[in-house]
Amino acid sequence: MSERAPSARYRSKGRIFADILRAVKESEAAKPTHILYKANLSHDRLTKYLSMLEDSGLLLKNVDGDKVEYSITDKGEQFLLEFRRMEQFADAFGLEI
Amino acid sequence: MYPPRWFLPYDIVILLAITLISMAIAVFALRGYRWIKERSLYYLFLAFALLAIGFFAAGMTEGIDYLGQPYPRGFTGLTVTDVGGLVYYACSILAFVILAFAYFRTAREIAIAPALAALPIALPSYYPALEAVIIVLLFVIVFAQVVHLSVRKSRSAFAVLITFGMLLVSHALILVSSARSEDLYVAGMIVELAAFVFLLVLLLEWRKPR
């Protein structure tokens, strides 16, 4: 199943989480600017969501001096797997998540 | 809507099998909801959990009646099967209302659901009317799925459309059986079981890691 590209249309919180996690997963250690571009989010919203993902244990923040990078955790990988399953499940019923 | 006496044991087995399949789908949706926290998944969980409760109530009460004494025809009071039937219709109607309104996802419409579910209480033992309500709801769901499929082509969406189409046919057969022939009830239950088995096959596919 092809994954949808993040767009300007309404996205649920779960979908934004998935978009951010996919962006982080693409590069082993992702910089906030890379995530911002890939997940198509404003800086403020990205900061808010990154903090939520970190608190939920889905992302790991690595700080090295001024350099900040994010990596995906095992729980984050599991979230992406569940999201793909549920996306297909809900889509089969004609419902969006 | 009573099954023919000879079919009763098979009817009970079918109802309990559908209970298990509905429960499996409800648990799958709940697991997804706990991860993703999406309302659509919660609606799917609620709908299939309600269907499971309804089928279980119908199966168990039919079993109690079967092991006890044959249900009376032309009765004045409610039998155990009648109570099970009312629980079944209340749960089924509420489940299909939730599914139908999940396509619109507005709080106002969801609020109508309990009102529609009260219908079986207002129409005790008038089963053809309750079957007709289910048929209308299934028609709305099938229509919404056809619209969805025309926008987003997907194999599993087509498969789910087929299963809801089969459910629509099964309830139509059960409705007609009261006026025509009890054999149509048997056919309706077999089609309904086939639809749920088809959903089970889809569930096993959705569960596979990708």
# chains A, B, ... in the order shown; residues from 1 in each chain; ligands from 1

call {"tool": "interface_residues", "arguments": {"of": "chain B", "to": "chain A", "cutoff": "7 Å", "atoms": "only C-alpha atoms", "output": "ChimeraX atom specification"}}
result
/B:32,35-38,40-41,103,145,148,156-157,160,206-207

call {"tool": "write_last_selection", "arguments": {"atoms": "C-alpha atoms", "output": "short mmCIF file (atom, residue, chain, number, x, y, z; two decimals), in the first residue's frame"}}
result
data_model
loop_
_atom_site.label_atom_id
_atom_site.label_comp_id
_atom_site.auth_asym_id
_atom_site.auth_seq_id
_atom_site.Cartn_x
_atom_site.Cartn_y
_atom_site.Cartn_z
CA GLY B 32 -5.59 0.24 17.20
CA TRP B 35 -2.22 3.16 19.90
CA ILE B 36 -3.51 5.79 17.49
CA LYS B 37 -6.34 7.40 19.55
CA GLU B 38 -8.51 7.93 16.47
CA SER B 40 -12.96 6.19 13.68
CA LEU B 41 -11.32 3.19 15.31
CA TYR B 103 -18.91 8.32 7.88
CA GLN B 145 -18.82 2.51 0.98
CA HIS B 148 -15.70 5.85 -0.79
CA SER B 156 -9.82 -4.41 0.96
CA ALA B 157 -12.38 -1.59 0.65
CA VAL B 160 -15.59 -4.93 2.91
CA TRP B 206 -4.85 -6.82 8.28
CA ARG B 207 -3.07 -8.39 11.24
#

call {"tool": "select_by_dssp", "arguments": {"residues": "chain A", "states": "strand (DSSP E or B)", "output": "PyMOL selection string"}}
result
chain A and resi 30+59-64+67-72

call {"tool": "residues_around", "arguments": {"residues": "segment 52-66 of chain B", "least_positions_apart": "4", "cutoff": "6 Å", "atoms": "only C-alpha atoms", "output": "list in words"}}
result
Ile12, Leu15, Leu16, Thr19, Ser22, Met23, Val80, Thr81, Gly84, Gly85, Val87, Tyr88 and Cys91 of chain B

call {"tool": "residues_around", "arguments": {"residues": "Leu138 of chain B", "least_positions_apart": "6", "cutoff": "9 Å", "atoms": "only C-alpha atoms", "output": "number ranges by chain"}}
result
B: 96-97, 100, 164-165, 167-168

call {"tool": "write_last_selection", "arguments": {"atoms": "C-alpha atoms", "output": "PDB file, in the first residue's frame"}}
result
ATOM      1  CA  PHE B  96     -25.180  -0.034  12.356  1.00  0.00           C
ATOM      2  CA  VAL B  97     -26.249   3.502  13.361  1.00  0.00           C
ATOM      3  CA  ALA B 100     -23.412   4.764   9.376  1.00  0.00           C
ATOM      4  CA  PHE B 164     -21.773  -5.476   3.861  1.00  0.00           C
ATOM      5  CA  GLY B 165     -23.621  -6.221   0.621  1.00  0.00           C
ATOM      6  CA  LEU B 167     -25.221  -8.647   5.190  1.00  0.00           C
ATOM      7  CA  LEU B 168     -27.820  -6.553   3.378  1.00  0.00           C
TER       8      LEU B 168
END

call {"tool": "select_by_dssp", "arguments": {"residues": "segment 36-105 of chain B", "states": "alpha helix (DSSP H)", "output": "NGL selection string"}}
result
:B and (36 or 39-67 or 80-102)

call {"tool": "write_last_selection", "arguments": {"atoms": "C-alpha atoms", "output": "JSON list (two decimals), in the first residue's frame"}}
result
[["chain", "number", "residue", "atom", "x", "y", "z"],
["B", 36, "ILE", "CA", -3.51, 5.79, 17.49],
["B", 39, "ARG", "CA", -12.27, 8.25, 16.84],
["B", 40, "SER", "CA", -12.96, 6.19, 13.68],
["B", 41, "LEU", "CA", -11.32, 3.19, 15.31],
["B", 42, "TYR", "CA", -13.37, 3.71, 18.46],
["B", 43, "TYR", "CA", -16.57, 3.71, 16.38],
["B", 44, "LEU", "CA", -15.51, 0.45, 14.72],
["B", 45, "PHE", "CA", -14.77, -1.03, 18.15],
["B", 46, "LEU", "CA", -18.16, 0.06, 19.53],
["B", 47, "ALA", "CA", -20.07, -1.19, 16.49],
["B", 48, "PHE", "CA", -18.50, -4.66, 16.46],
["B", 49, "ALA", "CA", -18.63, -5.00, 20.26],
["B", 50, "LEU", "CA", -22.37, -4.21, 20.14],
["B", 51, "LEU", "CA", -22.87, -6.71, 17.30],
["B", 52, "ALA", "CA", -21.04, -9.34, 19.39],
["B", 53, "ILE", "CA", -23.27, -8.63, 22.43],
["B", 54, "GLY", "CA", -26.40, -8.85, 20.27],
["B", 55, "PHE", "CA", -25.44, -12.11, 18.57],
["B", 56, "PHE", "CA", -24.35, -13.60, 21.90],
["B", 57, "ALA", "CA", -27.67, -12.68, 23.54],
["B", 58, "ALA", "CA", -29.63, -14.16, 20.63],
["B", 59, "GLY", "CA", -27.54, -17.35, 20.57],
["B", 60, "MET", "CA", -27.67, -17.93, 24.32],
["B", 61, "THR", "CA", -31.40, -17.28, 24.69],
["B", 62, "GLU", "CA", -32.18, -19.51, 21.70],
["B", 63, "GLY", "CA", -30.04, -22.19, 23.37],
["B", 64, "ILE", "CA", -31.96, -21.82, 26.66],
["B", 65, "ASP", "CA", -35.28, -22.09, 24.83],
["B", 66, "TYR", "CA", -34.05, -25.09, 22.81],
["B", 67, "LEU", "CA", -32.91, -26.94, 25.93],
["B", 80, "VAL", "CA", -36.56, -15.99, 26.64],
["B", 81, "THR", "CA", -35.96, -15.97, 22.88],
["B", 82, "ASP", "CA", -38.03, -12.79, 22.57],
["B", 83, "VAL", "CA", -35.87, -11.05, 25.14],
["B", 84, "GLY", "CA", -32.73, -12.26, 23.33],
["B", 85, "GLY", "CA", -34.25, -11.08, 20.05],
["B", 86, "LEU", "CA", -34.92, -7.61, 21.44],
["B", 87, "VAL", "CA", -31.36, -7.35, 22.80],
["B", 88, "TYR", "CA", -30.08, -8.53, 19.41],
["B", 89, "TYR", "CA", -32.11, -5.94, 17.49],
["B", 90, "ALA", "CA", -31.26, -3.11, 19.92],
["B", 91, "CYS", "CA", -27.54, -3.88, 19.70],
["B", 92, "SER", "CA", -27.54, -4.45, 15.92],
["B", 93, "ILE", "CA", -29.45, -1.25, 15.16],
["B", 94, "LEU", "CA", -27.22, 0.80, 17.46],
["B", 95, "ALA", "CA", -24.09, -0.81, 15.93],
["B", 96, "PHE", "CA", -25.18, -0.03, 12.36],
["B", 97, "VAL", "CA", -26.25, 3.50, 13.36],
["B", 98, "ILE", "CA", -22.77, 4.09, 14.80],
["B", 99, "LEU", "CA", -21.16, 2.69, 11.63],
["B", 100, "ALA", "CA", -23.41, 4.76, 9.38],
["B", 101, "PHE", "CA", -22.74, 7.97, 11.30],
["B", 102, "ALA", "CA", -19.01, 7.27, 11.54]]

call {"tool": "atom_distance", "arguments": {"atom1": "atom CA of Phe28 of chain B", "atom2": "atom CA of Leu204 of chain B"}}
result
10.2 Å

call {"tool": "closest_residue", "arguments": {"among": "A:Leu53, A:Glu28, A:Ser71, A:His43", "to": "Ile16 of chain A", "atoms": "only C-alpha atoms"}}
result
A:Leu53

call {"tool": "closest_residue", "arguments": {"among": "B:Val197, B:Ile174, B:Leu203, B:Ile190", "to": "Tyr10 of chain B", "atoms": "only C-alpha atoms"}}
result
B:Ile190
